[in-house]
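This is run14.tsv. It holds TSV, C-alpha atoms.
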```tsv
chain	number	residue	atom	x	y	z
F	1	MET	CA	-23.21	-91.89	-9.85
F	2	PRO	CA	-25.04	-91.95	-6.47
F	3	VAL	CA	-21.89	-90.84	-4.65
F	4	LEU	CA	-21.47	-88.05	-7.17
F	5	MET	CA	-25.06	-86.83	-6.63
F	6	PHE	CA	-24.53	-86.99	-2.87
F	7	MET	CA	-21.32	-84.97	-3.07
F	8	LEU	CA	-22.84	-82.51	-5.53
F	9	THR	CA	-25.68	-81.73	-3.11
F	10	ILE	CA	-23.36	-81.23	-0.13
F	11	LEU	CA	-20.90	-79.18	-2.15
F	12	SER	CA	-23.57	-76.90	-3.67
F	13	PHE	CA	-25.04	-76.34	-0.23
F	14	MET	CA	-21.64	-75.43	1.21
F	15	ILE	CA	-20.88	-72.98	-1.61
F	16	MET	CA	-24.33	-71.39	-1.38
F	17	GLY	CA	-23.98	-71.15	2.41
F	18	LYS	CA	-20.69	-69.29	1.90
F	19	ILE	CA	-22.30	-66.90	-0.59
F	20	TYR	CA	-25.19	-66.31	1.81
F	21	SER	CA	-22.92	-65.52	4.75
F	22	GLU	CA	-21.17	-63.00	2.51
F	23	TYR	CA	-24.32	-61.04	1.50
F	24	ARG	CA	-26.95	-62.06	4.11
F	25	THR	CA	-29.98	-61.28	1.95
F	26	PRO	CA	-33.05	-63.56	2.08
F	27	VAL	CA	-33.08	-64.00	-1.72
F	28	LEU	CA	-29.81	-65.90	-1.34
F	29	THR	CA	-31.27	-68.29	1.29
F	30	PRO	CA	-29.07	-71.40	0.83
F	31	VAL	CA	-31.99	-73.80	0.26
F	32	LEU	CA	-33.33	-71.67	-2.56
F	33	THR	CA	-30.00	-71.13	-4.34
F	34	THR	CA	-28.90	-74.76	-3.80
F	35	VAL	CA	-32.13	-76.15	-5.24
F	36	VAL	CA	-32.03	-73.78	-8.23
F	37	SER	CA	-28.43	-74.69	-9.03
F	38	LEU	CA	-29.10	-78.44	-8.67
F	39	VAL	CA	-32.19	-78.22	-10.89
F	40	VAL	CA	-30.14	-76.41	-13.55
F	41	ILE	CA	-27.39	-79.08	-13.34
F	42	LEU	CA	-29.90	-81.95	-13.61
F	43	LEU	CA	-31.58	-80.32	-16.62
F	44	LEU	CA	-28.28	-79.50	-18.34
F	45	PHE	CA	-26.92	-83.02	-18.02
F	46	ASP	CA	-30.28	-84.66	-18.52
F	47	ILE	CA	-30.15	-86.51	-15.19
F	48	PRO	CA	-33.54	-87.92	-14.07
F	49	TYR	CA	-34.72	-87.11	-10.55
F	50	ASP	CA	-34.75	-90.83	-9.62
F	51	THR	CA	-31.07	-91.10	-10.49
F	52	TYR	CA	-30.34	-88.00	-8.44
F	53	MET	CA	-32.26	-89.40	-5.46
F	54	LYS	CA	-30.20	-92.62	-5.43
F	55	GLY	CA	-27.42	-90.51	-3.94
F	56	ALA	CA	-29.28	-87.59	-2.42
F	57	GLY	CA	-31.64	-90.02	-0.68
F	58	TRP	CA	-28.98	-90.47	2.01
F	59	ILE	CA	-29.39	-86.80	2.90
F	60	ASP	CA	-33.17	-87.01	2.65
F	61	ARG	CA	-33.23	-89.71	5.33
F	62	MET	CA	-31.86	-87.20	7.86
F	63	LEU	CA	-35.02	-85.08	7.63
F	64	GLY	CA	-37.14	-87.25	9.95
F	65	PRO	CA	-34.73	-87.18	12.93
F	66	ALA	CA	-34.08	-83.46	12.25
F	67	VAL	CA	-37.80	-82.79	12.64
F	68	VAL	CA	-37.63	-84.53	16.04
F	69	ALA	CA	-34.72	-82.21	16.94
F	70	LEU	CA	-37.09	-79.22	16.65
F	71	ALA	CA	-38.34	-80.23	20.12
F	72	TYR	CA	-35.17	-78.68	21.54
F	73	PRO	CA	-35.78	-75.03	20.48
F	74	MET	CA	-39.47	-75.47	21.34
F	75	TYR	CA	-38.53	-76.59	24.85
F	76	ARG	CA	-36.33	-73.53	25.26
F	77	GLN	CA	-39.23	-71.23	24.30
F	78	ARG	CA	-41.47	-72.56	27.09
F	79	ALA	CA	-41.00	-69.50	29.35
F	80	VAL	CA	-42.25	-67.09	26.67
F	81	LEU	CA	-45.19	-69.38	25.96
F	82	GLN	CA	-46.13	-69.71	29.63
F	83	LYS	CA	-46.07	-65.95	30.06
F	84	HIS	CA	-48.48	-65.25	27.20
F	85	PHE	CA	-50.25	-68.60	27.05
F	86	LEU	CA	-53.80	-67.64	26.10
F	87	PRO	CA	-53.16	-64.90	23.48
F	88	VAL	CA	-50.45	-66.97	21.78
F	89	ILE	CA	-52.35	-70.26	21.62
F	90	GLY	CA	-55.59	-68.52	20.63
F	91	SER	CA	-54.09	-66.48	17.82
F	92	VAL	CA	-52.01	-69.32	16.43
F	93	VAL	CA	-55.05	-71.60	16.32
F	94	VAL	CA	-57.07	-68.91	14.52
F	95	GLY	CA	-54.11	-68.31	12.17
F	96	VAL	CA	-53.64	-71.98	11.30
F	97	VAL	CA	-57.36	-72.48	10.67
F	98	THR	CA	-57.35	-69.36	8.46
F	99	ALA	CA	-54.29	-70.61	6.54
F	100	PHE	CA	-55.82	-74.00	5.74
F	101	GLY	CA	-59.35	-72.65	5.34
F	102	SER	CA	-58.48	-69.79	3.01
F	103	GLY	CA	-56.23	-72.06	0.93
F	104	TYR	CA	-59.05	-74.56	0.56
F	105	VAL	CA	-61.72	-71.99	-0.29
F	106	MET	CA	-59.57	-70.27	-2.92
F	107	ALA	CA	-58.34	-73.49	-4.50
F	108	ALA	CA	-61.80	-75.09	-4.53
F	109	SER	CA	-63.37	-71.97	-6.03
F	110	ILE	CA	-61.24	-72.29	-9.17
F	111	GLY	CA	-61.74	-76.07	-9.23
F	112	LEU	CA	-58.10	-76.95	-8.65
F	113	GLU	CA	-57.48	-80.69	-8.87
F	114	ARG	CA	-57.24	-82.57	-5.55
F	115	GLU	CA	-53.50	-83.22	-5.45
F	116	LEU	CA	-52.66	-79.57	-6.17
F	117	LEU	CA	-55.27	-78.33	-3.71
F	118	LEU	CA	-53.77	-80.44	-0.93
F	119	THR	CA	-50.30	-79.19	-1.86
F	120	LEU	CA	-51.43	-75.62	-1.27
F	121	LEU	CA	-52.72	-76.15	2.29
F	122	PRO	CA	-49.59	-76.44	4.52
F	123	LYS	CA	-47.70	-73.41	3.08
F	124	SER	CA	-47.75	-71.44	6.36
F	125	LEU	CA	-45.86	-74.17	8.27
F	126	THR	CA	-42.10	-74.30	8.66
F	127	THR	CA	-40.57	-76.21	5.71
F	128	PRO	CA	-39.34	-79.34	7.57
F	129	ILE	CA	-42.88	-79.77	8.95
F	130	ALA	CA	-44.68	-78.81	5.73
F	131	VAL	CA	-42.86	-81.62	3.87
F	132	PRO	CA	-44.12	-84.60	5.95
F	133	VAL	CA	-47.57	-82.99	6.43
F	134	THR	CA	-47.97	-82.53	2.67
F	135	SER	CA	-47.04	-86.13	1.90
F	136	GLU	CA	-49.29	-87.36	4.71
F	137	ILE	CA	-52.39	-85.57	3.36
F	138	GLY	CA	-51.63	-86.58	-0.23
F	139	GLY	CA	-50.08	-83.46	-1.75
F	140	ILE	CA	-46.78	-83.01	-3.60
F	141	PRO	CA	-44.00	-82.24	-1.07
F	142	SER	CA	-41.53	-80.62	-3.47
F	143	MET	CA	-44.13	-78.17	-4.73
F	144	ALA	CA	-45.22	-77.48	-1.15
F	145	VAL	CA	-41.69	-76.35	-0.35
F	146	ALA	CA	-41.93	-73.81	-3.17
F	147	PHE	CA	-45.19	-72.47	-1.71
F	148	THR	CA	-43.80	-72.27	1.83
F	149	MET	CA	-40.94	-70.19	0.45
F	150	ILE	CA	-43.36	-67.93	-1.43
F	151	ALA	CA	-45.36	-67.50	1.80
F	152	GLY	CA	-42.12	-66.59	3.58
F	153	PHE	CA	-41.05	-64.09	0.95
F	154	THR	CA	-44.54	-62.56	0.90
F	155	ALA	CA	-44.07	-61.71	4.57
F	156	ILE	CA	-40.52	-60.46	4.07
F	157	LEU	CA	-41.37	-58.21	1.13
F	158	THR	CA	-44.83	-56.95	2.07
F	159	SER	CA	-44.92	-56.85	5.88
F	160	PRO	CA	-43.58	-53.25	6.15
F	161	LEU	CA	-46.50	-52.00	4.04
F	162	PHE	CA	-48.94	-54.45	5.68
F	163	PHE	CA	-48.08	-53.23	9.20
F	164	LYS	CA	-48.24	-49.61	8.06
F	165	TYR	CA	-51.93	-49.98	7.25
F	166	ILE	CA	-52.68	-52.59	9.92
F	167	PRO	CA	-50.59	-51.40	12.85
F	168	PHE	CA	-50.39	-54.38	15.20
F	169	LYS	CA	-48.36	-54.05	18.39
F	170	ASP	CA	-44.98	-55.80	18.63
F	171	MET	CA	-46.55	-59.00	19.90
F	172	GLY	CA	-49.22	-59.05	17.19
F	173	LYS	CA	-46.61	-58.48	14.50
F	174	GLY	CA	-44.54	-61.39	15.77
F	175	ILE	CA	-47.49	-63.75	15.97
F	176	ALA	CA	-48.64	-62.70	12.49
F	177	LEU	CA	-45.18	-63.30	10.99
F	178	GLY	CA	-44.44	-66.60	12.75
F	179	THR	CA	-47.88	-68.11	12.14
F	180	ALA	CA	-48.18	-67.12	8.47
F	181	ALA	CA	-44.55	-67.22	7.36
F	182	HIS	CA	-42.48	-69.51	9.68
F	183	GLY	CA	-38.68	-69.00	9.71
F	184	LEU	CA	-38.52	-66.51	6.87
F	185	GLY	CA	-41.14	-64.37	8.60
F	186	THR	CA	-39.18	-64.69	11.83
F	187	SER	CA	-36.03	-63.47	10.07
F	188	LYS	CA	-37.99	-60.34	9.10
F	189	ALA	CA	-39.25	-59.96	12.68
F	190	ILE	CA	-35.72	-58.97	13.72
F	191	GLU	CA	-36.40	-55.56	12.15
F	192	TYR	CA	-39.36	-55.00	14.46
F	193	GLY	CA	-37.53	-55.69	17.71
F	194	GLU	CA	-36.79	-58.40	20.25
F	195	GLU	CA	-40.38	-58.95	21.47
F	196	THR	CA	-41.49	-59.48	17.87
F	197	VAL	CA	-38.72	-62.05	17.27
F	198	SER	CA	-39.48	-64.14	20.34
F	199	MET	CA	-43.23	-64.04	19.61
F	200	SER	CA	-42.60	-64.99	15.99
F	201	SER	CA	-40.40	-67.97	16.99
F	202	VAL	CA	-42.95	-69.24	19.49
F	203	ALA	CA	-45.80	-68.77	17.00
F	204	MET	CA	-43.84	-70.64	14.32
F	205	SER	CA	-43.24	-73.62	16.64
F	206	LEU	CA	-46.82	-73.75	17.86
F	207	ALA	CA	-48.20	-73.38	14.33
F	208	ALA	CA	-45.98	-76.30	13.28
F	209	ILE	CA	-47.40	-78.63	15.96
F	210	ILE	CA	-51.00	-77.42	15.70
F	211	GLY	CA	-50.84	-77.49	11.89
F	212	SER	CA	-49.55	-81.04	11.71
F	213	PHE	CA	-52.50	-82.29	13.75
F	214	PHE	CA	-55.08	-79.89	12.34
F	215	GLY	CA	-54.05	-80.38	8.67
F	216	PRO	CA	-54.88	-84.10	8.42
F	217	PHE	CA	-58.02	-83.53	10.54
F	218	PHE	CA	-59.15	-80.71	8.23
F	219	VAL	CA	-58.66	-82.88	5.14
F	220	TRP	CA	-60.56	-85.75	6.79
F	221	LEU	CA	-63.34	-83.46	8.03
F	222	LEU	CA	-64.04	-81.97	4.61
F	223	SER	CA	-63.32	-85.38	3.02
F	224	ILE	CA	-61.21	-83.67	0.39
U	1	MET	CA	-13.27	-86.01	20.67
U	2	ARG	CA	-15.73	-86.49	23.54
U	3	LEU	CA	-17.98	-83.85	21.99
U	4	ILE	CA	-18.07	-85.70	18.68
U	5	LEU	CA	-19.00	-88.91	20.47
U	6	LYS	CA	-21.71	-87.04	22.35
U	7	VAL	CA	-23.15	-85.62	19.12
U	8	ILE	CA	-23.17	-89.05	17.47
U	9	LEU	CA	-24.89	-90.71	20.44
U	10	GLN	CA	-27.46	-87.95	20.75
U	11	VAL	CA	-28.24	-88.01	17.02
U	12	ALA	CA	-28.77	-91.76	17.40
U	13	GLY	CA	-31.17	-90.91	20.23
U	14	LEU	CA	-33.11	-88.55	17.93
U	15	TYR	CA	-33.28	-91.38	15.38
U	16	ALA	CA	-34.77	-93.57	18.10
U	17	PHE	CA	-37.50	-90.99	18.74
U	18	TYR	CA	-38.16	-90.78	15.02
U	19	TYR	CA	-38.43	-94.57	14.88
U	20	ILE	CA	-40.79	-94.65	17.88
U	21	GLY	CA	-42.89	-91.90	16.26
U	22	THR	CA	-43.28	-93.76	12.98
U	23	SER	CA	-44.05	-97.00	14.87
U	24	ILE	CA	-46.80	-95.26	16.88
U	25	GLN	CA	-48.20	-93.89	13.64
U	26	ASP	CA	-48.25	-97.38	12.11
U	27	TRP	CA	-49.76	-99.11	15.15
U	28	LEU	CA	-52.52	-96.59	15.66
U	29	GLY	CA	-53.00	-95.82	11.98
U	30	LEU	CA	-52.75	-92.10	12.71
U	31	PRO	CA	-52.77	-89.56	9.86
U	32	VAL	CA	-50.13	-87.43	11.66
U	33	PRO	CA	-46.53	-87.89	10.37
U	34	GLY	CA	-44.34	-90.11	12.56
U	35	SER	CA	-41.56	-87.53	12.74
U	36	ILE	CA	-43.98	-85.09	14.37
U	37	LEU	CA	-45.22	-87.72	16.83
U	38	GLY	CA	-41.54	-88.27	17.73
U	39	LEU	CA	-41.11	-84.52	18.18
U	40	VAL	CA	-44.14	-84.23	20.46
U	41	LEU	CA	-43.04	-87.25	22.51
U	42	LEU	CA	-39.56	-85.78	23.00
U	43	LEU	CA	-41.04	-82.37	23.86
U	44	VAL	CA	-43.33	-83.90	26.49
U	45	LEU	CA	-40.43	-85.82	28.06
U	46	LEU	CA	-38.34	-82.64	28.18
U	47	MET	CA	-41.16	-80.49	29.59
U	48	THR	CA	-41.96	-82.99	32.34
U	49	GLY	CA	-38.28	-83.30	33.20
U	50	ILE	CA	-38.28	-87.08	32.62
U	51	LEU	CA	-35.53	-86.61	30.01
U	52	PRO	CA	-32.80	-84.10	30.93
U	53	VAL	CA	-32.19	-81.59	28.13
U	54	GLY	CA	-28.45	-82.34	28.39
U	55	TRP	CA	-29.16	-85.72	26.80
U	56	ILE	CA	-30.14	-84.25	23.44
U	57	ASP	CA	-28.89	-80.64	23.24
U	58	HIS	CA	-25.69	-81.25	21.26
U	59	GLY	CA	-27.27	-83.71	18.86
U	60	ALA	CA	-30.28	-81.45	18.28
U	61	GLY	CA	-28.02	-78.43	17.76
U	62	PHE	CA	-26.06	-80.37	15.16
U	63	MET	CA	-29.16	-81.55	13.28
U	64	LEU	CA	-30.73	-78.09	13.30
U	65	ALA	CA	-27.55	-76.46	12.00
U	66	TYR	CA	-27.83	-78.62	8.87
U	67	LEU	CA	-31.63	-78.76	8.72
U	68	PRO	CA	-31.95	-76.74	5.48
U	69	LEU	CA	-29.61	-79.19	3.72
U	70	PHE	CA	-31.86	-82.12	4.66
U	71	PHE	CA	-34.83	-80.85	2.69
U	72	VAL	CA	-32.85	-79.95	-0.43
U	73	PRO	CA	-33.27	-83.43	-2.05
U	74	VAL	CA	-37.07	-83.47	-1.71
U	75	THR	CA	-37.28	-79.89	-3.01
U	76	VAL	CA	-35.21	-80.70	-6.10
U	77	GLY	CA	-38.16	-82.97	-6.96
U	78	ILE	CA	-39.87	-79.82	-8.20
U	79	ILE	CA	-38.09	-80.62	-11.48
U	80	GLU	CA	-40.84	-83.17	-12.14
U	81	TYR	CA	-43.60	-80.56	-11.79
U	82	PRO	CA	-43.21	-77.88	-14.46
U	83	ILE	CA	-46.89	-77.07	-13.76
U	84	LEU	CA	-45.57	-74.43	-11.36
U	85	LEU	CA	-44.65	-72.33	-14.39
U	86	SER	CA	-48.07	-72.68	-16.04
U	87	LYS	CA	-51.20	-70.58	-15.63
U	88	THR	CA	-52.38	-72.91	-12.85
U	89	GLY	CA	-49.03	-72.48	-11.11
U	90	ILE	CA	-49.30	-68.71	-11.23
U	91	LEU	CA	-52.82	-68.89	-9.79
U	92	MET	CA	-51.50	-71.07	-6.97
U	93	ILE	CA	-48.77	-68.50	-6.28
U	94	VAL	CA	-51.38	-65.72	-6.12
U	95	MET	CA	-53.45	-67.83	-3.71
U	96	THR	CA	-50.38	-68.44	-1.56
U	97	ILE	CA	-49.69	-64.71	-1.31
U	98	THR	CA	-53.34	-63.91	-0.53
U	99	GLY	CA	-53.53	-66.74	2.01
U	100	THR	CA	-50.40	-65.45	3.74
U	101	TRP	CA	-51.91	-61.97	4.13
U	102	LEU	CA	-55.18	-63.41	5.44
U	103	THR	CA	-53.29	-65.57	7.94
U	104	MET	CA	-51.14	-62.65	9.10
U	105	PHE	CA	-54.27	-60.60	9.62
U	106	ALA	CA	-56.22	-63.33	11.42
U	107	ALA	CA	-53.36	-64.29	13.76
U	108	GLY	CA	-52.29	-60.71	14.50
U	109	PHE	CA	-55.84	-59.46	14.98
U	110	THR	CA	-56.70	-62.27	17.40
U	111	SER	CA	-53.56	-61.56	19.40
U	112	GLU	CA	-54.45	-57.86	19.69
U	113	LYS	CA	-57.95	-58.75	20.92
U	114	LEU	CA	-56.82	-61.44	23.39
U	115	SER	CA	-53.95	-59.43	24.90
U	116	LYS	CA	-56.18	-56.38	25.28
U	117	ARG	CA	-58.71	-58.43	27.20
U	118	LYS	CA	-55.94	-59.61	29.48
U	119	GLU	CA	-54.80	-56.03	30.13
U	120	GLU	CA	-58.32	-54.96	31.06
U	121	ALA	CA	-58.84	-57.88	33.41
```

Please, can you express the file's structure as structure tokens?
Amino acid sequence: MPVLMFMLTILSFMIMGKIYSEYRTPVLTPVLTTVVSLVVILLLFDIPYDTYMKGAGWIDRMLGPAVVALAYPMYRQRAVLQKHFLPVIGSVVVGVVTAFGSGYVMAASIGLERELLLTLLPKSLTTPIAVPVTSEIGGIPSMAVAFTMIAGFTAILTSPLFFKYIPFKDMGKGIALGTAAHGLGTSKAIEYGEETVSMSSVAMSLAAIIGSFFGPFFVWLLSI
Amino acid sequence: MRLILKVILQVAGLYAFYYIGTSIQDWLGLPVPGSILGLVLLLVLLMTGILPVGWIDHGAGFMLAYLPLFFVPVTVGIIEYPILLSKTGILMIVMTITGTWLTMFAAGFTSEKLSKRKEEA
């Protein structure tokens, strides 16, 4: 059974990757389609998540070292960061604080229970970072992934209208997309030009690092 | 063949950084995830030139190419939280959308202000 679950995950991901490369639309993002198809299979055959994880856990263990690997693209972005150091750092810090702060204020105002409130906080961070940050602060990682995707799709679907009424320059657009909506936002940035893409990528990386230190600090500070 | 060996060795190197990161977290009792401490450590070594980028580039490229696959298992765990489809779940989705707009505004607005100041200076 574990081997089967392992193979099933790899196979679904390969098929969904093929479908994505055929149509190239964000709705068919392989993670999304793979997870949906696996959830359907588990429900259909009545397979508990624990049983699934006995096999899929081998894949899960690759996530930690893969997060470390993110240092490589960050290192390659250093020239862009050095060139616009102050505006980029400043706006990403303000963005990250807004992301956590607004999430907390909204969730607390409706009296959301602690575990769900914490799950809602890291949604602006890139998924591989949001997962360990969520488990560190005491939220539910799998649900956090769903919220990071919703944050990403919010940027993809609404940013044209958003920027029509709030016309940021290319750099501002990129920083807005990368800080609030990580990789999915960055994929949308391509439509706004090269400057927007590089700013979005740098903002996403910085937000990931700043967010993973700020998040636990924020939770400690407010003793949530 | 040599490339495959290189990828395997470099991935092992990334594992080592991950291990060091989690050990630092344990020793110091830090609330920051060990994988991120490993990332920051590697980034610092690359930036300072202590570690040549050629020592990790192939391994990192390989891991990043499959990165989305690695968080599929944890995400499938959503199956245990049908609350996402309840009224609370819908409220959380609305808050996520609102929070994303607020964050876009705050980050973009700050960037406009800061880069303008730089132009004037």

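Proximity to region 19-29 of chain U at 9 Å, evaluated using all atoms listed in the file and with sequence-adjacent residues fewer than 2 positions away removed, yields Gly64 and Pro65 of chain F; Leu14, Tyr15, Ala16, Phe17, Pro31, Val32, Pro33, Gly34, Ser35, Ile36, Leu37, Gly38, Leu39, Val40 and Leu41 of chain U.
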
Close residues, Ser200 (chain F) itself excluded, 6 Å, only C-alpha atoms, min 4 positions apart in chain, as an MDAnalysis selection string: chainID F and resid 174:175 177:178 186 196

Residue contacts of Ser223 (chain F) (12 Å, only C-alpha atoms) excluding same-chain residues fewer than 5 positions away, as number ranges by chain: F: 104, 114, 118, 137, 215-218

Selection file, C-alpha atoms, as a CSV table (one decimal), keeping the file's coordinate frame:
```csv
chain,number,residue,atom,x,y,z
F,104,TYR,CA,-59.0,-74.6,0.6
F,114,ARG,CA,-57.2,-82.6,-5.6
F,118,LEU,CA,-53.8,-80.4,-0.9
F,137,ILE,CA,-52.4,-85.6,3.4
F,215,GLY,CA,-54.0,-80.4,8.7
F,216,PRO,CA,-54.9,-84.1,8.4
F,217,PHE,CA,-58.0,-83.5,10.5
F,218,PHE,CA,-59.2,-80.7,8.2
```

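Among the candidate residues F:Val27, F:Ala203, F:Leu222, F:Ile129, the one lying nearest to Gly90 (chain F) is F:Ala203, with distances computed using all atoms listed in the file.
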
List as an mmCIF file with C-alpha atoms, in the frame of the given file the protein and nucleic acid residues near Val3 (chain F), meaning an atom at most 12 Å away when only C-alpha atoms are counted, but skip any in the same chain fewer than 2 places from it.
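Result went into out.cif, see below:
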```cif
data_model
loop_
_atom_site.group_PDB
_atom_site.id
_atom_site.type_symbol
_atom_site.label_atom_id
_atom_site.label_comp_id
_atom_site.auth_asym_id
_atom_site.auth_seq_id
_atom_site.Cartn_x
_atom_site.Cartn_y
_atom_site.Cartn_z
ATOM 1 C CA MET F 1 -23.210 -91.890 -9.850
ATOM 2 C CA MET F 5 -25.060 -86.830 -6.630
ATOM 3 C CA PHE F 6 -24.530 -86.990 -2.870
ATOM 4 C CA MET F 7 -21.320 -84.970 -3.070
ATOM 5 C CA LEU F 8 -22.840 -82.510 -5.530
ATOM 6 C CA THR F 9 -25.680 -81.730 -3.110
ATOM 7 C CA ILE F 10 -23.360 -81.230 -0.130
ATOM 8 C CA LEU F 11 -20.900 -79.180 -2.150
ATOM 9 C CA THR F 51 -31.070 -91.100 -10.490
ATOM 10 C CA TYR F 52 -30.340 -88.000 -8.440
ATOM 11 C CA MET F 53 -32.260 -89.400 -5.460
ATOM 12 C CA LYS F 54 -30.200 -92.620 -5.430
ATOM 13 C CA GLY F 55 -27.420 -90.510 -3.940
ATOM 14 C CA ALA F 56 -29.280 -87.590 -2.420
ATOM 15 C CA GLY F 57 -31.640 -90.020 -0.680
ATOM 16 C CA TRP F 58 -28.980 -90.470 2.010
ATOM 17 C CA ILE F 59 -29.390 -86.800 2.900
#
```

Pick out the residues sitting within 10 Å of region 130-133 of chain F, and hand them over as a PyMOL selection string; count all atoms listed in the file, and ignore anything fewer than 5 positions along from it in its own chain. (chain F and resi 63-64+67+118-119+121-125+138-145+147-148+208+211-213+215-216) or (chain U and resi 31-36+71+74-75)

Selected residue, from F:Ala180, F:Ser21, F:Ser159, F:Leu42, that lies nearest to chain U when counting all atoms listed in the file: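 Looking at the shortest contact to chain U, the residue is F:Ala180.
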